[in-house]
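Chemist: Just dropping this structure here.
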Amino acid sequence: MERFELEKELQEEIRRTVFGGTFIKIVQSVRRGGKTFRISMRPVTIGAESKFQAEMVDGGQVQVRNFDAAGAARGLEEIINQRGARELHLIATTGDLHVRVTKKGKVLVSRSAPMQREAPAQTHDRVKDLPLNRFESAAFLRVAGLTDGSGEIRASMRGKYDQVNKFLGEVCGIVSGGSDCTRQPLTVVDCGCGKAYLTLAMYGFLTGAMGFENVRVTGVDRREDVILAAREMAKRLDWQDRVEFVQKDIADFDIEKRPGENVMVTSLHACDTATDEALAKAVEWKAKWVLSAPCCQHELQKSLTGANANAVFAGLLRQAILRERLCDILTDTFRALIMRMAGYRTQVVEFVAPERTARNILLKCEAGLKPAQAQTVSEYLDLRNFWKVVPWLEERLATRIRPMLERFE
Ligand SMILES: C[S@@+](CC[C@H](N)C(=O)[O-])C[C@H]1O[C@@H](n2cnc3c(N)ncnc32)[C@H](O)[C@@H]1O
């Protein structure tokens, strides 16, 4: 038998399972020239016809095609006879088969315990070109608990799955890419990383889909339990050398920048002023990109309703929900203006549909604007003086921001 070749009996077992009545899905991943090529196939029903749907992911490109049984048989032979190091995962209602072919051509086979599970509905939902489909994400999705044993997105995790997909889509939009950019070292700091859905997805996406060659990702969170769980996940994915998790308050965390390195700061629903702290750190670290989806914000509410409260808005401020929404909008407006003053091109967008999360605003910032531009500073001062408040982020970045304001006051 040649190196990389599967035993005849193993080949037969795969064919029998795919064309028997228990087949759910087959997935094979191959590393080739620094890129991952993934092919998966599953049975689907289109109209009254039974077909096989194949999804091919080659670097960042996704192709989906439907085949009849003869076409599927030819595709399966290509999967079985693939050469080189690869991983094959065959999922059936009766159990799973894992085949790993090492770089040296050794074939390692493992099987789950026998089981009886339901086959998922064979609907013809075309695989969309989502960021999480643009790299070999199956292991990440499983380890992070976003998918179940048959690779389907858990209903309870659909919201988080969509948030992460859309967030990555925004990353792809703001990071220019191209070989100059992807060859430069990149450090990503995910502030208030929680259970690390975004942190881990970011590493997989930047390296597997965008082609970054030298990426370090750090998740920071003050909770011990989430940091321990996140470290365990990185280990299970074998990413622990490039993705680390630090248990600290964001305020106490610092980075050591490597020469020629770009920095990206992200935060997804970091509570209250933790979002401001993430923005402040990004400014201090001279991050090139900052993507921050704020969460609850209480700080401004305290000042707006105090002795200096603007009497014209008494009727609005009395209603808790209206007060909260007004404060959310004002806080994010101040944040955007401060980031512009600090030299960031800043956009405020809705990054995900409101039914997925009510906290669906994203501040997208890219370094490169002339800091302290007169119009931005005067818009900021007008708004702040009208509301008679001092935003938390201004206090936090006082040494940088106040001199800009003093020139106009
Ligand atoms: C709502 S969770 C979001 C977690 C994650 N980003 C996500 O979207 O799944 C907010 C996280 O921020 C963390 N956090 C809040 N304030 C923080 C601070 N000042 N420093 C570090 N972590 C903080 C919390 O412990 C929590 O895990």
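Simple scheme: letters A, B, ... for chains in structure tokens order, numbers from 1 for residues in each chain, numbers from 1 for ligands in the order shown.
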Pick out the residues sitting within 10 Å of A:Lys257, and hand them over as a list in words; count only C-alpha atoms, and ignore anything fewer than 6 positions along from it in its own chain.
Modeler: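 The contact residues come out as Pro185, Leu186, Thr187, Val263, Trp285 and Lys286 of chain A.
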Chemist: Could you give me, as a PyMOL selection string, the residues within 6 Å of stretch 134-136 of chain A, counting only C-alpha atoms and dropping anything in the same chain fewer than 2 positions from it?
Modeler: chain A and resi 60+131-132+138+208-209
Chemist: Taking N, CA and C atoms for each residue, export the selection above as a CSV table (one decimal), in the first residue's frame.
Modeler:
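So the final result, stored in selection32.csv, reads:
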chain,number,residue,atom,x,y,z
A,60,GLY,N,-10.0,31.7,0.5
A,60,GLY,CA,-11.2,32.5,0.9
A,60,GLY,C,-12.4,32.3,0.0
A,131,PRO,N,-18.2,34.9,6.4
A,131,PRO,CA,-16.8,34.9,6.9
A,131,PRO,C,-16.4,33.6,7.6
A,132,LEU,N,-17.3,33.0,8.4
A,132,LEU,CA,-17.0,31.8,9.1
A,132,LEU,C,-17.0,30.6,8.1
A,138,ALA,N,-14.8,24.4,11.1
A,138,ALA,CA,-15.6,23.3,11.8
A,138,ALA,C,-15.1,23.1,13.2
A,208,GLY,N,-6.6,32.0,8.2
A,208,GLY,CA,-7.2,31.0,7.2
A,208,GLY,C,-7.9,31.6,6.0
A,209,ALA,N,-8.5,32.8,6.2
A,209,ALA,CA,-9.3,33.4,5.1
A,209,ALA,C,-8.6,34.6,4.5
Chemist: Pull the closest atom pair for each residue of chain A that gets at most 7 Å from ligand 1, along with the distance in Å to one decimal, counting only C-alpha atoms and all ligand atoms, ordering rows by chain and then ascending residue number, as a Markdown table.
Modeler:
| residue | atom | partner | partner_atom_place_in_ligand_line | distance |
| --- | --- | --- | --- | --- |
| A:Cys191 | CA | ligand 1 | 22 (N) | 6.5 |
| A:Gly192 | CA | ligand 1 | 12 (O) | 3.5 |
| A:Cys193 | CA | ligand 1 | 6 (N) | 4.1 |
| A:Gly194 | CA | ligand 1 | 27 (O) | 3.5 |
| A:Lys195 | CA | ligand 1 | 9 (O) | 5.6 |
| A:Ala196 | CA | ligand 1 | 5 (C) | 6.2 |
| A:Tyr197 | CA | ligand 1 | 9 (O) | 5.8 |
| A:Leu198 | CA | ligand 1 | 7 (C) | 6.7 |
| A:Val220 | CA | ligand 1 | 21 (C) | 6.0 |
| A:Asp221 | CA | ligand 1 | 22 (N) | 3.6 |
| A:Arg222 | CA | ligand 1 | 21 (C) | 4.1 |
| A:Arg223 | CA | ligand 1 | 25 (O) | 4.9 |
| A:Val226 | CA | ligand 1 | 27 (O) | 6.8 |
| A:Lys248 | CA | ligand 1 | 21 (C) | 5.8 |
| A:Asp249 | CA | ligand 1 | 20 (N) | 3.5 |
| A:Ile250 | CA | ligand 1 | 20 (N) | 4.1 |
| A:Ala251 | CA | ligand 1 | 19 (N) | 6.5 |
| A:Ser267 | CA | ligand 1 | 6 (N) | 6.0 |
| A:Leu268 | CA | ligand 1 | 6 (N) | 4.3 |
| A:His269 | CA | ligand 1 | 3 (C) | 4.8 |
| A:Ala270 | CA | ligand 1 | 12 (O) | 4.2 |
| A:Cys271 | CA | ligand 1 | 15 (C) | 4.8 |
| A:Ala274 | CA | ligand 1 | 19 (N) | 4.5 |
Chemist: Would you list, as a VMD selection string, the residues of stretch 163-393 of chain A that end up in alpha helix (DSSP H) under DSSP run on this structure's backbone?
Modeler: chain A and resid 163 to 174 178 to 183 197 to 208 224 to 236 273 to 284 299 to 304 314 to 318 320 to 341 374 to 387 392 to 393
Chemist: In stretch 19-69 of chain A, what's strand (DSSP E or B) per DSSP? Answer as a PyMOL selection string?
Modeler: chain A and resi 23-32+35-46+49-58+61-67
Chemist: Limited to N, CA and C atoms, could you put the picked residues into a file as a short mmCIF file (atom, residue, chain, number, x, y, z; two decimals), in the first residue's frame?
Modeler:
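This is the output file again18.cif:
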data_model
loop_
_atom_site.label_atom_id
_atom_site.label_comp_id
_atom_site.auth_asym_id
_atom_site.auth_seq_id
_atom_site.Cartn_x
_atom_site.Cartn_y
_atom_site.Cartn_z
N PHE A 23 -26.07 8.19 6.27
CA PHE A 23 -25.11 9.28 6.01
C PHE A 23 -25.66 10.66 6.37
N ILE A 24 -24.83 11.45 7.08
CA ILE A 24 -25.18 12.85 7.38
C ILE A 24 -24.25 13.79 6.61
N LYS A 25 -22.94 13.60 6.74
CA LYS A 25 -22.02 14.55 6.11
C LYS A 25 -20.61 13.98 6.06
N ILE A 26 -19.84 14.33 5.03
CA ILE A 26 -18.42 14.00 5.00
C ILE A 26 -17.65 15.30 4.77
N VAL A 27 -16.57 15.49 5.52
CA VAL A 27 -15.77 16.72 5.39
C VAL A 27 -14.31 16.31 5.29
N GLN A 28 -13.60 16.85 4.30
CA GLN A 28 -12.15 16.57 4.24
C GLN A 28 -11.39 17.90 4.12
N SER A 29 -10.35 18.07 4.95
CA SER A 29 -9.53 19.28 4.89
C SER A 29 -8.11 18.91 4.52
N VAL A 30 -7.56 19.68 3.60
CA VAL A 30 -6.19 19.41 3.13
C VAL A 30 -5.42 20.72 3.22
N ARG A 31 -4.22 20.70 3.80
CA ARG A 31 -3.35 21.89 3.81
C ARG A 31 -2.48 21.82 2.57
N ARG A 32 -2.50 22.90 1.78
CA ARG A 32 -1.72 22.88 0.54
C ARG A 32 -1.14 24.28 0.32
N LYS A 35 -2.33 27.10 2.49
CA LYS A 35 -3.76 27.36 2.49
C LYS A 35 -4.51 26.08 2.86
N THR A 36 -5.75 26.25 3.33
CA THR A 36 -6.55 25.06 3.61
C THR A 36 -7.61 24.92 2.54
N PHE A 37 -7.70 23.72 1.99
CA PHE A 37 -8.74 23.41 1.02
C PHE A 37 -9.70 22.45 1.72
N ARG A 38 -10.98 22.78 1.69
CA ARG A 38 -11.93 21.92 2.40
C ARG A 38 -13.07 21.54 1.46
N ILE A 39 -13.41 20.28 1.47
CA ILE A 39 -14.58 19.85 0.69
C ILE A 39 -15.52 19.11 1.64
N SER A 40 -16.80 19.42 1.52
CA SER A 40 -17.76 18.67 2.33
C SER A 40 -18.93 18.29 1.43
N MET A 41 -19.61 17.22 1.79
CA MET A 41 -20.74 16.75 0.98
C MET A 41 -21.82 16.21 1.90
N ARG A 42 -23.05 16.51 1.57
CA ARG A 42 -24.16 16.01 2.40
C ARG A 42 -25.37 15.77 1.50
N PRO A 43 -26.28 14.90 1.92
CA PRO A 43 -27.48 14.68 1.10
C PRO A 43 -28.46 15.84 1.26
N VAL A 44 -29.10 16.24 0.16
CA VAL A 44 -30.13 17.28 0.24
C VAL A 44 -31.34 16.86 -0.60
N THR A 45 -32.48 17.42 -0.28
CA THR A 45 -33.67 17.17 -1.10
C THR A 45 -34.01 18.47 -1.82
N ILE A 46 -34.03 18.42 -3.17
CA ILE A 46 -34.37 19.61 -3.93
C ILE A 46 -35.65 19.30 -4.70
N GLU A 49 -36.47 15.65 -5.54
CA GLU A 49 -35.27 14.87 -5.90
C GLU A 49 -34.24 14.79 -4.79
N SER A 50 -33.64 13.62 -4.67
CA SER A 50 -32.53 13.46 -3.72
C SER A 50 -31.22 13.79 -4.43
N LYS A 51 -30.46 14.68 -3.86
CA LYS A 51 -29.17 15.07 -4.46
C LYS A 51 -28.10 15.05 -3.38
N PHE A 52 -26.88 15.35 -3.80
CA PHE A 52 -25.79 15.55 -2.85
C PHE A 52 -25.27 16.97 -3.06
N GLN A 53 -25.12 17.70 -1.96
CA GLN A 53 -24.62 19.07 -2.08
C GLN A 53 -23.16 19.09 -1.62
N ALA A 54 -22.28 19.57 -2.50
CA ALA A 54 -20.86 19.65 -2.15
C ALA A 54 -20.49 21.12 -1.95
N GLU A 55 -19.72 21.38 -0.92
CA GLU A 55 -19.23 22.75 -0.67
C GLU A 55 -17.71 22.69 -0.70
N MET A 56 -17.11 23.52 -1.58
CA MET A 56 -15.66 23.53 -1.68
C MET A 56 -15.15 24.87 -1.22
N VAL A 57 -14.27 24.88 -0.22
CA VAL A 57 -13.70 26.13 0.28
C VAL A 57 -12.21 26.09 -0.04
N ASP A 58 -11.78 27.03 -0.89
CA ASP A 58 -10.37 27.06 -1.30
C ASP A 58 -9.83 28.42 -0.89
N GLN A 61 -12.29 31.39 -1.06
CA GLN A 61 -13.38 31.19 -2.03
C GLN A 61 -14.27 30.02 -1.64
N VAL A 62 -15.60 30.23 -1.73
CA VAL A 62 -16.53 29.15 -1.41
C VAL A 62 -17.34 28.84 -2.66
N GLN A 63 -17.43 27.55 -3.01
CA GLN A 63 -18.26 27.13 -4.16
C GLN A 63 -19.21 26.05 -3.70
N VAL A 64 -20.47 26.14 -4.11
CA VAL A 64 -21.43 25.11 -3.72
C VAL A 64 -22.02 24.52 -4.99
N ARG A 65 -22.06 23.16 -5.10
CA ARG A 65 -22.66 22.52 -6.29
C ARG A 65 -23.49 21.32 -5.86
N ASN A 66 -24.54 21.06 -6.61
CA ASN A 66 -25.38 19.89 -6.32
C ASN A 66 -25.11 18.81 -7.37
N PHE A 67 -25.07 17.55 -6.91
CA PHE A 67 -24.76 16.43 -7.80
C PHE A 67 -25.81 15.34 -7.67
#
Chemist: State, in Å with one decimal place, the distance from atom CA of A:Glu406 to atom CA of A:Arg340.
Modeler: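 Distance reported for this atom pair: 16.7 Å.
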Chemist: Near A:Thr94, within 12 Å and counting only C-alpha atoms, which residues show up once chain neighbours fewer than 6 positions away are dropped, as a list in words?
Modeler: Thr17, Gly20, Gly21, Thr22, Phe23, Ile24, Arg111, Ser112, Ala113, Pro114, Met115, Gln116, Arg117, Glu118, Ala119 and Ser150 of chain A
Chemist: I need the residue nearest A:Val215 from this list: A:Ile401, A:Val101, A:Val189, A:Leu304. Use only C-alpha atoms for the distance.
Modeler: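 Among A:Ile401, A:Val101, A:Val189, A:Leu304, it is A:Val189 that comes nearest to A:Val215.
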Chemist: Between A:Ala311, A:Cys296, A:Cys327, A:Val283, which one has atoms that come closest to A:Gly368, using only C-alpha atoms?
Modeler: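 Going through A:Ala311, A:Cys296, A:Cys327, A:Val283 one by one, the smallest distance to A:Gly368 is for A:Val283.
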Chemist: Compare A:Ser137, A:Arg242, A:Phe19, A:Thr333 by their minimum atom-to-atom distance to A:Leu383, counting only C-alpha atoms, and give me the closest one.
Modeler: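 Nearest to A:Leu383: A:Thr333.
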Chemist: Which one of A:Ala367, A:Val109, A:Cys181, A:Leu10 sits closest to A:Gly260 if you count only C-alpha atoms?
Modeler: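 The closest residue to A:Gly260 is A:Cys181.
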